[in-house]
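Q: Got a structure for you, input24.cif, holding mmCIF, C-alpha atoms and all ligand atoms.
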```cif
data_model
#
loop_
_atom_site.label_atom_id
_atom_site.label_comp_id
_atom_site.auth_asym_id
_atom_site.auth_seq_id
_atom_site.Cartn_x
_atom_site.Cartn_y
_atom_site.Cartn_z
CA MET A 1 -34.80 67.22 -172.47
CA SER A 2 -35.50 63.62 -171.50
CA GLU A 3 -35.37 60.87 -174.13
CA ILE A 4 -39.16 60.72 -174.26
CA GLN A 5 -39.44 64.49 -174.72
CA ASN A 6 -36.86 64.26 -177.50
CA ALA A 7 -38.80 61.55 -179.24
CA ALA A 8 -42.00 63.61 -178.93
CA ALA A 9 -40.27 66.71 -180.30
CA GLU A 10 -39.00 64.72 -183.25
CA LYS A 11 -42.35 63.13 -183.99
CA LYS A 12 -43.30 64.13 -187.49
CA GLN A 13 -46.76 65.11 -188.59
CA VAL A 14 -48.80 62.48 -190.40
CA ILE A 15 -49.80 62.47 -194.04
CA PHE A 16 -52.44 60.18 -195.50
CA SER A 17 -53.57 59.91 -199.09
CA GLY A 18 -54.86 57.28 -201.47
CA ILE A 19 -55.36 56.47 -205.12
CA GLN A 20 -57.91 54.06 -206.56
CA PRO A 21 -56.54 51.04 -208.43
CA SER A 22 -59.41 51.35 -210.86
CA GLY A 23 -57.70 51.95 -214.18
CA THR A 24 -54.81 53.63 -215.88
CA LEU A 25 -53.38 56.45 -213.82
CA THR A 26 -53.25 59.78 -215.60
CA LEU A 27 -50.96 62.78 -215.70
CA GLY A 28 -53.65 64.44 -213.54
CA ASN A 29 -53.15 61.85 -210.78
CA TYR A 30 -49.40 62.35 -211.08
CA ILE A 31 -49.41 66.14 -210.92
CA GLY A 32 -52.31 66.55 -208.50
CA ALA A 33 -51.26 63.84 -206.07
CA LEU A 34 -48.39 61.43 -206.67
CA ARG A 35 -45.73 64.03 -207.36
CA ASN A 36 -46.54 65.76 -204.08
CA PHE A 37 -46.49 62.47 -202.18
CA VAL A 38 -42.85 62.14 -203.21
CA LYS A 39 -42.00 65.73 -202.25
CA LEU A 40 -43.50 65.33 -198.79
CA GLN A 41 -42.02 61.97 -197.85
CA ASN A 42 -38.98 63.28 -196.00
CA ASP A 43 -40.75 65.78 -193.81
CA TYR A 44 -43.74 63.72 -192.68
CA ASP A 45 -44.73 60.22 -191.62
CA CYS A 46 -46.55 59.22 -194.78
CA ILE A 47 -49.24 56.65 -195.43
CA TYR A 48 -50.13 56.08 -199.08
CA CYS A 49 -52.97 53.68 -199.52
CA ILE A 50 -54.18 51.65 -202.50
CA VAL A 51 -57.89 52.23 -202.02
CA ASP A 52 -59.41 49.06 -203.46
CA GLU A 53 -62.54 49.38 -201.29
CA HIS A 54 -63.30 52.69 -202.96
CA ALA A 55 -62.64 51.14 -206.37
CA ILE A 56 -65.44 48.58 -205.98
CA THR A 57 -68.09 51.30 -205.80
CA VAL A 58 -67.90 50.92 -209.59
CA ARG A 59 -68.09 47.34 -210.92
CA GLN A 60 -64.57 45.89 -211.39
CA ASN A 61 -63.30 42.81 -213.16
CA PRO A 62 -61.78 40.76 -210.26
CA ALA A 63 -58.65 39.65 -212.13
CA ASP A 64 -57.95 43.22 -213.29
CA LEU A 65 -58.49 44.68 -209.83
CA ARG A 66 -56.14 42.12 -208.27
CA ARG A 67 -53.44 42.93 -210.83
CA ARG A 68 -53.92 46.69 -210.60
CA CYS A 69 -53.39 46.74 -206.83
CA LEU A 70 -49.85 45.40 -207.23
CA GLU A 71 -49.30 47.64 -210.26
CA LEU A 72 -50.27 50.68 -208.20
CA ALA A 73 -47.79 49.61 -205.52
CA ALA A 74 -45.17 49.50 -208.30
CA ILE A 75 -46.20 52.97 -209.50
CA TYR A 76 -45.93 54.40 -205.99
CA ILE A 77 -42.43 53.01 -205.59
CA ALA A 78 -41.36 53.84 -209.17
CA SER A 79 -42.39 57.46 -208.69
CA GLY A 80 -39.88 57.72 -205.86
CA LEU A 81 -41.68 56.66 -202.69
CA ASP A 82 -39.43 54.61 -200.46
CA PRO A 83 -41.51 51.71 -199.08
CA LYS A 84 -39.26 51.60 -196.02
CA LYS A 85 -40.13 55.18 -195.11
CA ASN A 86 -43.76 55.31 -196.32
CA LEU A 87 -46.57 52.89 -195.62
CA ILE A 88 -47.79 51.53 -198.96
CA TYR A 89 -50.56 48.96 -198.56
CA CYS A 90 -54.05 47.90 -199.69
CA GLN A 91 -57.03 49.37 -197.87
CA SER A 92 -58.86 46.02 -197.82
CA HIS A 93 -55.95 44.43 -195.91
CA VAL A 94 -56.60 46.66 -192.90
CA SER A 95 -60.11 45.91 -191.69
CA ALA A 96 -60.17 48.98 -189.45
CA HIS A 97 -60.99 51.12 -192.52
CA ALA A 98 -64.32 49.38 -193.11
CA GLU A 99 -65.05 49.16 -189.37
CA LEU A 100 -64.53 52.86 -188.73
CA ALA A 101 -66.45 53.73 -191.90
CA TRP A 102 -69.48 51.92 -190.49
CA ILE A 103 -69.30 53.88 -187.26
CA LEU A 104 -68.83 57.20 -189.07
CA ASN A 105 -71.84 56.38 -191.30
CA CYS A 106 -73.85 56.81 -188.12
CA PHE A 107 -72.43 60.32 -187.67
CA THR A 108 -73.01 61.51 -191.23
CA TYR A 109 -76.26 62.91 -192.58
CA MET A 110 -77.95 61.90 -195.83
CA GLY A 111 -78.23 65.60 -196.69
CA GLU A 112 -74.46 66.00 -196.45
CA LEU A 113 -73.83 63.06 -198.77
CA ASN A 114 -76.53 64.23 -201.18
CA ARG A 115 -74.58 67.43 -201.72
CA MET A 116 -71.41 65.67 -202.92
CA THR A 117 -70.74 66.65 -206.52
CA GLN A 118 -68.69 63.52 -207.21
CA PHE A 119 -71.63 61.34 -206.18
CA LYS A 120 -73.88 63.24 -208.55
CA ALA A 121 -71.38 62.91 -211.41
CA LYS A 122 -70.66 59.24 -210.77
CA SER A 123 -74.31 58.29 -210.45
CA ALA A 124 -74.98 60.02 -213.76
CA ALA A 125 -72.10 58.09 -215.34
CA HIS A 126 -73.15 54.72 -213.83
CA ALA A 127 -76.93 55.06 -213.84
CA ASP A 128 -77.34 51.26 -213.86
CA ASN A 129 -75.38 50.85 -210.61
CA ILE A 130 -76.11 53.65 -208.15
CA ASN A 131 -75.18 51.56 -205.12
CA ALA A 132 -75.09 52.59 -201.46
CA GLY A 133 -71.27 52.35 -201.46
CA LEU A 134 -71.09 55.07 -204.08
CA PHE A 135 -73.23 57.22 -201.82
CA THR A 136 -71.21 56.62 -198.64
CA TYR A 137 -67.86 56.73 -200.46
CA PRO A 138 -66.80 59.97 -198.69
CA VAL A 139 -67.43 58.38 -195.29
CA LEU A 140 -64.96 55.58 -196.06
CA MET A 141 -62.54 58.27 -197.17
CA ALA A 142 -63.05 60.08 -193.85
CA ALA A 143 -62.35 56.81 -192.01
CA ASP A 144 -59.12 56.33 -194.01
CA ILE A 145 -57.88 59.74 -192.99
CA LEU A 146 -59.07 59.84 -189.38
CA LEU A 147 -57.77 56.37 -188.46
CA TYR A 148 -54.19 57.61 -188.62
CA GLN A 149 -54.65 60.93 -186.79
CA THR A 150 -53.67 62.57 -190.06
CA ASN A 151 -52.52 66.19 -190.15
CA LEU A 152 -52.24 66.71 -193.89
CA VAL A 153 -53.95 65.18 -196.95
CA PRO A 154 -52.33 65.81 -200.34
CA VAL A 155 -55.02 65.64 -203.05
CA GLY A 156 -56.20 67.32 -206.22
CA VAL A 157 -58.96 69.90 -206.02
CA ASP A 158 -61.68 67.36 -206.94
CA GLN A 159 -61.31 65.83 -203.45
CA LYS A 160 -61.70 69.11 -201.58
CA GLN A 161 -65.39 68.66 -200.88
CA HIS A 162 -64.80 65.15 -199.50
CA LEU A 163 -62.07 66.49 -197.27
CA GLU A 164 -64.33 69.21 -195.91
CA LEU A 165 -66.93 66.59 -195.08
CA CYS A 166 -64.24 64.55 -193.32
CA ARG A 167 -63.40 67.56 -191.16
CA ASP A 168 -67.09 68.12 -190.37
CA ILE A 169 -67.56 64.49 -189.33
CA ALA A 170 -64.42 64.58 -187.17
CA GLN A 171 -65.47 67.82 -185.48
CA ARG A 172 -68.96 66.46 -184.86
CA PHE A 173 -67.54 63.29 -183.30
CA ASN A 174 -65.03 65.22 -181.18
CA GLY A 175 -67.82 67.55 -180.07
CA ILE A 176 -69.66 64.58 -178.56
CA TYR A 177 -66.82 62.39 -177.25
CA GLY A 178 -63.84 64.71 -176.67
CA ASP A 179 -60.68 65.02 -178.74
CA VAL A 180 -60.60 61.63 -180.44
CA PHE A 181 -59.61 62.66 -183.97
CA THR A 182 -56.98 65.05 -185.29
CA ILE A 183 -58.65 67.50 -187.66
CA PRO A 184 -56.86 67.17 -191.01
CA GLU A 185 -55.91 69.91 -193.44
CA GLY A 186 -55.81 69.56 -197.22
CA TYR A 187 -52.60 69.99 -199.19
CA ILE A 188 -53.75 71.10 -202.61
CA PRO A 189 -51.03 72.25 -205.01
CA LYS A 190 -51.18 75.87 -206.23
CA VAL A 191 -50.45 74.83 -209.80
CA GLY A 192 -51.81 71.58 -211.22
CA ALA A 193 -54.55 70.85 -208.67
CA LYS A 194 -56.87 70.25 -211.60
CA ILE A 195 -55.29 69.10 -214.84
CA MET A 196 -57.85 69.34 -217.61
CA SER A 197 -58.88 67.01 -220.42
CA LEU A 198 -56.82 67.44 -223.61
CA GLN A 199 -59.95 67.33 -225.75
CA GLU A 200 -62.42 69.20 -223.56
CA PRO A 201 -60.24 71.50 -221.49
CA GLU A 202 -63.22 72.75 -219.47
CA LYS A 203 -63.39 69.26 -217.90
CA LYS A 204 -61.03 67.48 -215.49
CA MET A 205 -58.59 64.98 -217.06
CA SER A 206 -60.01 61.63 -216.05
CA LYS A 207 -59.16 57.98 -216.62
CA SER A 208 -62.83 57.18 -217.19
CA ASP A 209 -62.94 59.35 -220.35
CA PRO A 210 -61.78 58.24 -223.83
CA GLU A 211 -58.04 57.60 -224.35
CA GLU A 212 -57.14 60.67 -226.38
CA THR A 213 -58.43 62.98 -223.61
CA TYR A 214 -55.75 62.00 -221.09
CA ILE A 215 -52.07 61.16 -220.85
CA ALA A 216 -51.60 57.86 -219.10
CA LEU A 217 -48.64 57.58 -216.75
CA LEU A 218 -47.31 54.69 -218.82
CA ASP A 219 -47.84 56.21 -222.29
CA ASP A 220 -44.69 56.06 -224.42
CA ALA A 221 -43.08 59.21 -225.86
CA ASP A 222 -44.75 58.85 -229.28
CA THR A 223 -48.20 58.48 -227.76
CA ILE A 224 -47.63 61.49 -225.51
CA ARG A 225 -46.45 63.55 -228.49
CA ARG A 226 -49.47 62.54 -230.58
CA LYS A 227 -51.98 63.25 -227.80
CA ILE A 228 -50.50 66.66 -227.00
CA ARG A 229 -50.26 67.56 -230.70
CA ARG A 230 -53.99 66.90 -230.99
CA ALA A 231 -54.88 68.75 -227.77
CA VAL A 232 -57.64 71.30 -228.25
CA THR A 233 -56.43 74.91 -228.02
CA ASP A 234 -58.17 77.91 -229.64
CA SER A 235 -57.82 80.07 -232.72
CA ASP A 236 -56.30 83.36 -231.54
CA GLY A 237 -52.73 82.04 -231.48
CA GLU A 238 -51.68 83.94 -228.35
CA ILE A 239 -49.83 82.10 -225.58
CA ARG A 240 -51.15 83.44 -222.30
CA TYR A 241 -52.58 82.01 -219.07
CA ASP A 242 -56.31 82.66 -219.00
CA PRO A 243 -58.19 79.51 -217.90
CA GLU A 244 -61.60 81.04 -218.54
CA ASN A 245 -61.07 82.18 -222.13
CA LYS A 246 -58.15 79.97 -223.14
CA PRO A 247 -58.60 76.72 -221.19
CA GLY A 248 -56.59 74.51 -223.56
CA VAL A 249 -53.51 76.76 -223.72
CA SER A 250 -53.71 77.43 -219.96
CA ASN A 251 -53.84 73.71 -219.26
CA LEU A 252 -50.62 73.10 -221.21
CA LEU A 253 -48.93 75.98 -219.40
CA SER A 254 -50.06 74.58 -216.03
CA ILE A 255 -48.75 71.13 -216.91
CA MET A 256 -45.33 72.56 -217.78
CA SER A 257 -45.17 74.72 -214.70
CA ALA A 258 -46.27 71.91 -212.38
CA LEU A 259 -43.57 69.69 -213.87
CA GLY A 260 -40.88 72.20 -212.94
CA ALA A 261 -40.50 74.35 -216.08
CA GLY A 262 -40.86 77.58 -214.06
CA GLU A 263 -43.60 80.05 -213.16
CA ILE A 264 -46.55 80.05 -215.55
CA ASP A 265 -46.12 83.72 -216.53
CA ALA A 266 -42.42 83.24 -217.23
CA ILE A 267 -43.10 80.25 -219.48
CA ALA A 268 -45.82 82.18 -221.33
CA ALA A 269 -43.50 85.18 -221.77
CA GLU A 270 -40.72 82.99 -223.10
CA LEU A 271 -43.02 81.35 -225.63
CA GLN A 272 -44.57 84.64 -226.71
CA GLY A 273 -45.07 84.75 -230.48
CA LYS A 274 -43.73 81.21 -231.00
CA GLY A 275 -47.06 79.59 -231.82
CA TYR A 276 -48.99 76.63 -230.45
CA GLY A 277 -46.75 74.13 -232.26
CA GLU A 278 -43.82 75.21 -230.08
CA LEU A 279 -45.99 75.30 -226.94
CA LYS A 280 -47.00 71.71 -227.62
CA ASN A 281 -43.43 70.60 -228.36
CA ARG A 282 -42.22 72.10 -225.12
CA THR A 283 -45.08 70.56 -223.15
CA THR A 284 -44.31 67.17 -224.69
CA GLU A 285 -40.63 67.48 -223.70
CA CYS A 286 -41.56 68.29 -220.11
CA VAL A 287 -44.02 65.41 -219.81
CA VAL A 288 -41.71 62.84 -221.42
CA GLU A 289 -38.83 63.97 -219.24
CA ALA A 290 -40.94 63.71 -216.08
CA LEU A 291 -42.47 60.33 -216.86
CA SER A 292 -39.66 58.36 -218.47
CA PRO A 293 -37.62 57.62 -215.29
CA LEU A 294 -40.83 56.53 -213.58
CA GLN A 295 -41.70 54.28 -216.51
CA SER A 296 -38.39 52.45 -216.65
CA GLU A 297 -38.36 51.91 -212.90
CA TYR A 298 -41.98 50.72 -213.10
CA LYS A 299 -41.10 48.11 -215.77
CA ARG A 300 -38.37 46.73 -213.56
CA LEU A 301 -40.52 46.64 -210.42
CA VAL A 302 -43.71 45.26 -211.86
CA ALA A 303 -41.88 42.14 -213.00
CA ASP A 304 -41.03 41.40 -209.35
CA LYS A 305 -44.41 40.40 -207.96
CA ALA A 306 -42.90 38.70 -204.90
CA TYR A 307 -41.18 41.93 -203.86
CA LEU A 308 -44.34 44.01 -204.34
CA GLN A 309 -46.37 41.48 -202.39
CA SER A 310 -43.86 41.59 -199.53
CA VAL A 311 -44.03 45.40 -199.43
CA ILE A 312 -47.81 45.53 -199.14
CA ASP A 313 -47.87 42.64 -196.65
CA GLU A 314 -45.30 44.17 -194.33
CA ASN A 315 -46.71 47.67 -194.53
CA ALA A 316 -50.27 46.48 -193.94
CA LYS A 317 -49.16 45.04 -190.59
CA THR A 318 -47.79 48.39 -189.45
CA ALA A 319 -50.82 50.23 -190.81
CA ALA A 320 -53.17 47.85 -188.98
CA TYR A 321 -51.32 48.43 -185.72
CA LEU A 322 -51.65 52.21 -186.04
CA ALA A 323 -55.24 52.11 -187.28
CA ASN A 324 -56.41 49.79 -184.51
CA LYS A 325 -55.15 52.20 -181.86
CA THR A 326 -57.64 54.82 -183.08
CA LEU A 327 -60.37 52.28 -183.78
CA ARG A 328 -60.24 50.83 -180.24
CA LYS A 329 -60.44 54.31 -178.77
CA VAL A 330 -63.49 55.12 -180.90
CA GLN A 331 -65.19 51.82 -180.06
CA LYS A 332 -64.68 52.46 -176.37
CA LYS A 333 -66.00 56.02 -176.61
CA ILE A 334 -69.21 55.02 -178.35
CA GLY A 335 -69.89 52.21 -175.90
CA TYR A 336 -69.09 48.91 -177.60
CA ALA A 337 -68.68 46.20 -174.95
CA PRO A 338 -65.05 45.69 -173.92
CA ARG A 339 -63.12 42.76 -175.40
CA GLY A 340 -62.21 40.01 -172.94
P1 LIG B 401 -58.57 59.14 -207.36
O1 LIG B 401 -58.06 57.75 -207.41
O2 LIG B 401 -59.73 59.51 -208.22
O3 LIG B 401 -57.41 60.16 -207.70
C1 LIG B 401 -56.18 60.11 -207.00
C2 LIG B 401 -55.63 61.50 -206.79
O4 LIG B 401 -55.42 62.16 -208.04
C3 LIG B 401 -56.04 63.44 -208.01
N1 LIG B 401 -56.50 63.77 -209.37
C4 LIG B 401 -56.18 64.90 -210.03
N2 LIG B 401 -55.44 65.95 -209.69
C5 LIG B 401 -55.30 66.94 -210.61
N3 LIG B 401 -55.88 66.92 -211.84
C6 LIG B 401 -56.64 65.87 -212.21
N4 LIG B 401 -57.19 65.84 -213.42
C7 LIG B 401 -56.82 64.80 -211.29
N5 LIG B 401 -57.50 63.61 -211.34
C8 LIG B 401 -57.29 63.01 -210.15
C9 LIG B 401 -57.18 63.31 -207.04
O5 LIG B 401 -57.58 64.55 -206.51
C10 LIG B 401 -56.58 62.40 -205.98
O6 LIG B 401 -55.83 63.15 -205.06
N6 LIG B 401 -61.23 59.43 -203.17
C11 LIG B 401 -59.91 59.49 -203.68
C12 LIG B 401 -59.00 58.42 -203.10
C13 LIG B 401 -59.00 58.37 -201.62
C14 LIG B 401 -58.33 59.28 -200.77
C15 LIG B 401 -58.59 58.80 -199.45
C16 LIG B 401 -57.58 60.45 -200.98
C17 LIG B 401 -59.58 57.43 -200.85
N7 LIG B 401 -59.36 57.69 -199.53
C18 LIG B 401 -58.11 59.50 -198.34
C19 LIG B 401 -57.09 61.10 -199.86
C20 LIG B 401 -57.35 60.64 -198.56
C21 LIG B 401 -59.96 59.27 -205.17
O7 LIG B 401 -60.90 58.76 -205.72
O8 LIG B 401 -58.86 59.57 -205.85
#
```
Is it possible to give me this structure as structure tokens?

A:
Amino acid sequence: MSEIQNAAAEKKQVIFSGIQPSGTLTLGNYIGALRNFVKLQNDYDCIYCIVDEHAITVRQNPADLRRRCLELAAIYIASGLDPKKNLIYCQSHVSAHAELAWILNCFTYMGELNRMTQFKAKSAAHADNINAGLFTYPVLMAADILLYQTNLVPVGVDQKQHLELCRDIAQRFNGIYGDVFTIPEGYIPKVGAKIMSLQEPEKKMSKSDPEETYIALLDDADTIRRKIRRAVTDSDGEIRYDPENKPGVSNLLSIMSALGAGEIDAIAAELQGKGYGELKNRTTECVVEALSPLQSEYKRLVADKAYLQSVIDENAKTAAYLANKTLRKVQKKIGYAPRG
């Protein structure tokens, strides 16, 4: 094989994913997304974005948003992502995201966006600010993914509908202009794709709900213990996985399994007859063990603002180079006048 053929054979597939810097990250974000980012980093070319443009679809305090972007970079790195191997940067620093989103807006139908369940939920939660950005949020997400010719998108199950729309938009565009975009696949974990609220286990664990409903990534061991001790279970006392009839108990079993404690059924069998107190103790141990290395590394990193800034600056340059390659191709295809 020639050198070029070798390089092509070695070319890894591309992963893109993002997290909003819009508040405390939860155990749900960690299990559904972040943890898988780390697992995938050696086998793929990975791009992990801090999606500040998505965050502003809900009103943000500017000073908090600014701080949270660097904090999220610290979380990415503290969870084990090597910033030399993975692109970690802010979405707003690469203008191609917004530019491609505008173009894709013109290839997306109102009816498609109207069907998005997250839009319905968010507009109910922010009835005083149902802005157009909230409505076209999934189009920006499609632009994020398609700019990098992404093969795989690791996300929790709540993003599945957005991902399907992204595929539809890409296929529609390719149908008109030829093979411009790679059609991405979702990478949704088998266990832990939807971690539930500790207080209302029929609902997704979410940072926008009250504190005692979620475990924050930076909660200390005592807080984690207290929140899990108070988690809603049920009254029959049996430890078994049955999300429909026993959502609280099943959620704790899923959390343990996703954090590496074994298969769900094996954990349930081992805890048989031991009571919910023991189930909660064991869940607490697993969570504390998973989060404490991340937390100490985070504390060290977040103090070094200059380092974090240099990571996002450097990586944004590489991301912009890659993104502009796709953007220029798209602009040419749709007939924008050439640049001199
Ligand atoms: P965001 O910031 O709401 O959440 C980040 C990731 O965490 C996952 N997640 C969960 N997984 C399991 N259980 C939960 N309770 C839970 N809560 C959140 C989410 O599925 C997500 O993977 N729109 C995206 C960000 C985004 C993006 C992208 C993702 C923007 N552009 C392109 C992938 C590709 C979002 O709001 O995630």

Q: Could you tell me which of A:Asn174, A:Asn281, A:Gln199, A:Ser79 comes closest to Arg225 (chain A) if we count only C-alpha atoms?

A: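 Going through A:Asn174, A:Asn281, A:Gln199, A:Ser79 one by one, the smallest distance to Arg225 (chain A) is for A:Asn281.
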
Q: Is it possible to get the residues within 9 Å of (-40.6, 59.9, -211.7) (coordinates as in the file, counting all atoms listed in the file) written as a VMD selection string?

A: chain A and resid 35 78 to 80 289 to 295 297

Q: Return as CSV the residues of chain A lying at most 7 Å from ligand LIG 401 (chain B), together with the closest atom-to-atom pair for each and the distance in Å to one decimal, counting all atoms listed in the file, with rows in chain order and ascending residue number.

A:
```
residue,atom,partner,partner_atom,distance
A:Phe16,CA,B:LIG401,C20,5.8
A:Ser17,CA,B:LIG401,C19,3.8
A:Gly18,CA,B:LIG401,C14,4.1
A:Ile19,CA,B:LIG401,O1,3.8
A:Gln20,CA,B:LIG401,O1,3.8
A:Pro21,CA,B:LIG401,O1,7.0
A:Gly28,CA,B:LIG401,C6,3.6
A:Asn29,CA,B:LIG401,O4,3.6
A:Tyr30,CA,B:LIG401,O4,6.7
A:Ile31,CA,B:LIG401,C5,6.0
A:Gly32,CA,B:LIG401,N2,3.4
A:Ala33,CA,B:LIG401,O6,4.7
A:Val51,CA,B:LIG401,C17,5.6
A:His54,CA,B:LIG401,C17,6.4
A:Leu140,CA,B:LIG401,N7,6.9
A:Met141,CA,B:LIG401,N7,4.0
A:Ala142,CA,B:LIG401,C18,6.7
A:Asp144,CA,B:LIG401,C18,5.5
A:Ile145,CA,B:LIG401,C18,5.4
A:Val153,CA,B:LIG401,C20,5.9
A:Pro154,CA,B:LIG401,O6,6.5
A:Val155,CA,B:LIG401,O6,3.3
A:Gly156,CA,B:LIG401,O5,3.1
A:Val157,CA,B:LIG401,O5,5.5
A:Asp158,CA,B:LIG401,O5,5.0
A:Gln159,CA,B:LIG401,O5,5.0
A:Gly192,CA,B:LIG401,C5,5.8
A:Ala193,CA,B:LIG401,C5,4.4
A:Lys194,CA,B:LIG401,N3,3.5
A:Ile195,CA,B:LIG401,N3,3.8
A:Met196,CA,B:LIG401,N4,5.5
A:Lys204,CA,B:LIG401,N4,4.7
A:Met205,CA,B:LIG401,N4,4.0
A:Ser206,CA,B:LIG401,N5,5.7
```

Q: Could you please take those selected residues and save C-alpha atoms as an mmCIF file, in the coordinates of the input?

A:
```
data_model
loop_
_atom_site.group_PDB
_atom_site.id
_atom_site.type_symbol
_atom_site.label_atom_id
_atom_site.label_comp_id
_atom_site.auth_asym_id
_atom_site.auth_seq_id
_atom_site.Cartn_x
_atom_site.Cartn_y
_atom_site.Cartn_z
ATOM 1 C CA PHE A 16 -52.440 60.180 -195.500
ATOM 2 C CA SER A 17 -53.570 59.910 -199.090
ATOM 3 C CA GLY A 18 -54.860 57.280 -201.470
ATOM 4 C CA ILE A 19 -55.360 56.470 -205.120
ATOM 5 C CA GLN A 20 -57.910 54.060 -206.560
ATOM 6 C CA PRO A 21 -56.540 51.040 -208.430
ATOM 7 C CA GLY A 28 -53.650 64.440 -213.540
ATOM 8 C CA ASN A 29 -53.150 61.850 -210.780
ATOM 9 C CA TYR A 30 -49.400 62.350 -211.080
ATOM 10 C CA ILE A 31 -49.410 66.140 -210.920
ATOM 11 C CA GLY A 32 -52.310 66.550 -208.500
ATOM 12 C CA ALA A 33 -51.260 63.840 -206.070
ATOM 13 C CA VAL A 51 -57.890 52.230 -202.020
ATOM 14 C CA HIS A 54 -63.300 52.690 -202.960
ATOM 15 C CA LEU A 140 -64.960 55.580 -196.060
ATOM 16 C CA MET A 141 -62.540 58.270 -197.170
ATOM 17 C CA ALA A 142 -63.050 60.080 -193.850
ATOM 18 C CA ASP A 144 -59.120 56.330 -194.010
ATOM 19 C CA ILE A 145 -57.880 59.740 -192.990
ATOM 20 C CA VAL A 153 -53.950 65.180 -196.950
ATOM 21 C CA PRO A 154 -52.330 65.810 -200.340
ATOM 22 C CA VAL A 155 -55.020 65.640 -203.050
ATOM 23 C CA GLY A 156 -56.200 67.320 -206.220
ATOM 24 C CA VAL A 157 -58.960 69.900 -206.020
ATOM 25 C CA ASP A 158 -61.680 67.360 -206.940
ATOM 26 C CA GLN A 159 -61.310 65.830 -203.450
ATOM 27 C CA GLY A 192 -51.810 71.580 -211.220
ATOM 28 C CA ALA A 193 -54.550 70.850 -208.670
ATOM 29 C CA LYS A 194 -56.870 70.250 -211.600
ATOM 30 C CA ILE A 195 -55.290 69.100 -214.840
ATOM 31 C CA MET A 196 -57.850 69.340 -217.610
ATOM 32 C CA LYS A 204 -61.030 67.480 -215.490
ATOM 33 C CA MET A 205 -58.590 64.980 -217.060
ATOM 34 C CA SER A 206 -60.010 61.630 -216.050
#
```

Q: What does the distance between CA of Glu244 (chain A) and CA of Gly260 (chain A) come to in Å, to one decimal place?

A: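 The value is 23.2 Å.
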
Q: Between A:His97, A:Lys227, A:Arg67, A:Lys317, which one has atoms that come closest to Glu53 (chain A), using only C-alpha atoms?

A: A:His97

Q: Between A:Arg328, A:Arg230, A:Lys160, A:Arg339, which has the minimum distance to Leu147 (chain A) (counting all atoms listed in the file)?

A: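 Looking only at the distances to Leu147 (chain A), the closest residue turns out to be A:Arg328.
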
Q: So the first atom is CA of Gly133 (chain A) and the second is CA of Asn315 (chain A); what is the distance between them in Å, to one decimal place?

A: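 Between CA of Gly133 (chain A) and CA of Asn315 (chain A) the gap works out to 25.9 Å.
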
Q: Within 8 Å of (-46.1, 64.4, -219.9), only C-alpha atoms: residues as JSON, numbers by chain?

A: {"A": [27, 215, 217, 224, 255, 283, 284, 285, 286, 287, 288, 289, 290, 291]}

Q: Kindly give the distance, in Å, that separates CA of Val180 (chain A) and CA of Pro83 (chain A), rounded to a single decimal.

A: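 Atom-to-atom, CA of Val180 (chain A) and CA of Pro83 (chain A) are spaced 28.5 Å apart.
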
Q: Quick one: contact table of region 230-319 of chain A to region 89-93 of chain A, 12 Å max, nearest atom pair and distance in Å to one decimal per residue, counting all atoms listed in the file, chain and number order, as JSON lines?

A:
```
{"residue": "A:Leu308", "atom": "CA", "partner": "A:Tyr89", "partner_atom": "CA", "distance": 9.8}
{"residue": "A:Gln309", "atom": "CA", "partner": "A:Tyr89", "partner_atom": "CA", "distance": 9.4}
{"residue": "A:Ser310", "atom": "CA", "partner": "A:Tyr89", "partner_atom": "CA", "distance": 10.0}
{"residue": "A:Val311", "atom": "CA", "partner": "A:Tyr89", "partner_atom": "CA", "distance": 7.5}
{"residue": "A:Ile312", "atom": "CA", "partner": "A:Tyr89", "partner_atom": "CA", "distance": 4.4}
{"residue": "A:Asp313", "atom": "CA", "partner": "A:Tyr89", "partner_atom": "CA", "distance": 7.1}
{"residue": "A:Glu314", "atom": "CA", "partner": "A:Tyr89", "partner_atom": "CA", "distance": 8.3}
{"residue": "A:Asn315", "atom": "CA", "partner": "A:Tyr89", "partner_atom": "CA", "distance": 5.7}
{"residue": "A:Ala316", "atom": "CA", "partner": "A:Tyr89", "partner_atom": "CA", "distance": 5.3}
{"residue": "A:Lys317", "atom": "CA", "partner": "A:His93", "partner_atom": "CA", "distance": 8.6}
{"residue": "A:Thr318", "atom": "CA", "partner": "A:Tyr89", "partner_atom": "CA", "distance": 9.5}
{"residue": "A:Ala319", "atom": "CA", "partner": "A:Tyr89", "partner_atom": "CA", "distance": 7.9}
```

Q: With only C-alpha atoms as the basis for distance, which of A:Val94, A:Val14, A:Ala125, A:Ala266 is at the shortest distance from Cys49 (chain A)?

A: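 Looking at the shortest contact to Cys49 (chain A), the residue is A:Val94.
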
Q: Please determine, counting only C-alpha atoms, which residue among A:Asp222, A:Pro189, A:Pro247, A:Leu152 has the shortest atom-to-atom distance to Asp234 (chain A).

A: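 Under the stated criterion, the closest residue is A:Pro247.
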
Q: Within 12 Å of Lys333 (chain A), counting all atoms listed in the file, which residues show up once you throw out same-chain ones fewer than 4 positions away? Write them as a list in words, please.

A: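 Listed by chain and then number, they are Ile103, Phe173, Asn174, Ile176, Tyr177, Gly178, Asp179, Val180, Phe181, Thr326, Leu327, Arg328, Lys329, Ala337 and Pro338 of chain A.
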
Q: Could you list, as a list in words, every residue within 9 Å of region 108-119 of chain A, counting all atoms listed in the file and ignoring same-chain residues fewer than 5 positions away?

A: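 The residues that qualify are Ala124, Leu134, Phe135, Thr136, Tyr137, Pro138, Val139, Asp158, Gln159, Gln161, His162, Leu165, Asp168 and Ile169 of chain A.
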